[in-house]
Amino acid sequence: MVIARRAFLALFLAVAAFAAQAQDRFITVASTTSTEQSGLFGAILPVFQKKTGIQVRVVALGTGQALDLARRGDADVVFVHAKSAEEKFLAEGHGVKRHPVMYNDFVLIGPKNDPAKIAGGKDILAALKKIQAGQAPFVSRGDKSGTHMAELALWKAAGIELDQAKGPWYRDTGQGMGPALNTAASMNAYVLADRGTWLAFKNRGDLAVLVEGDKRLFNQYGVILVSPDRHPTVKKDLGQAFVDWLVSPEGQQAIADYKIGGEQLFFPNADQAGA
């Protein structure tokens, strides 16, 4: 009887230890609202989890906020889209190495009646100049995200100083891509969006893609393991497993396979040096 109880206790402790270990097999990934709201994570994370048994908990923020979360050691991996900000993160010693993963592009969305008369153009700077000159309603994420950083860089490249040019026509939302698109739909306003979120967006109202195809609208994504030397709580091995999978042939194929209405949202390019 005593032997049976000891055997049962040993089995119970072994099961409990296994359950605890299984519960601990998760990582936190600080990423962008575009990767979540486009539906990409919903498509590729089950593939990764089935292969590795590692759960991925995504905290979807603007790129700037995602990197700040990682700077505090509250994430194991960052998966974002603002290369200059990513390189700064690395230079500060918060990350191990940046790997290119995939790209898509930004598009300028606007009302079909197009008060700024920019539809069909491929010059994003010329389009922004017309919007500002006509004081046409424009919605900005205003959240230090990768999309917001790209928008600000484009205004600057167009020779427009926003601090001086801002007025009632320019609306800062301080929110993610989905809410910004909702605001633009309700206002019949222009907005810069990543193509992936736009394709997944349902509440389009009277909005449509008006400007696309400018090389300045290229949108590259990168992934970085947060430095375990700088942040000892980082799950180095589990996080590295996710990074390795994203840039592996299997991970790259999973990204390429994600489509909406037959249209591919992201294009893998982990093998492109310098991307």
# chains A, B, ... in the order shown; residues from 1 in each chain; ligands from 1

$ closest_atom_pairs --of "range 92-149 of chain A" --to "range 62-70 of chain A" --cutoff "8 Å" --atoms "only C-alpha atoms" --output "Markdown table"
| residue | atom | partner | partner_atom | distance |
| --- | --- | --- | --- | --- |
| A:His94 | CA | A:Ala70 | CA | 7.6 |
| A:Asp143 | CA | A:Gly62 | CA | 6.3 |
| A:Lys144 | CA | A:Gly64 | CA | 5.2 |
| A:Ser145 | CA | A:Gly62 | CA | 3.8 |
| A:Gly146 | CA | A:Thr63 | CA | 5.1 |

$ select_by_dssp --residues "range 35-261 of chain A" --states "strand (DSSP E or B)" --output "PyMOL selection string"
chain A and resi 55-61+77-80+95-111+121+138-140+170-172+190-194+207-211+218-226+259-260

$ residues_around --residues "range 81-88 of chain A" --least-positions-apart "3" --cutoff "12 Å" --atoms "only C-alpha atoms" --output "MDAnalysis selection string"
chainID A and resid 30:35 61:68 70:71 77:78 91:106 144:151 153 194 218:226 274:275

$ residues_around --residues "Lys112 in chain A" --least-positions-apart "5" --cutoff "12 Å" --atoms "only C-alpha atoms" --output "list in words"
Lys117, Ile118, Ala119, Gly120, Ala185, Asn188, Ala189, Tyr190, Arg204, Gly205, Asp206, Leu207, Ala208, Val209, Leu210 and Val211 of chain A

$ atom_distance --atom1 "CA of Gly178 in chain A" --atom2 "CA of Lys259 in chain A"
18.3 Å

$ atom_distance --atom1 "CA of Leu40 in chain A" --atom2 "CA of Tyr258 in chain A"
6.8 Å

$ residues_around --residues "Leu128 in chain A" --least-positions-apart "5" --cutoff "9 Å" --atoms "only C-alpha atoms" --output "PDB file with C-alpha atoms, in the first residue's frame"
ATOM      1  CA  ILE A 118      -4.750  62.452 -56.611  1.00  0.00           C
ATOM      2  CA  ASP A 123       4.054  59.930 -56.824  1.00  0.00           C
ATOM      3  CA  ALA A 133      -2.525  72.629 -50.372  1.00  0.00           C
ATOM      4  CA  LEU A 154       7.105  61.357 -46.498  1.00  0.00           C
ATOM      5  CA  TRP A 155       5.718  64.748 -45.415  1.00  0.00           C
ATOM      6  CA  ALA A 158       7.574  66.511 -49.736  1.00  0.00           C
ATOM      7  CA  ILE A 160       6.030  70.147 -45.814  1.00  0.00           C
TER       8      ILE A 160
END
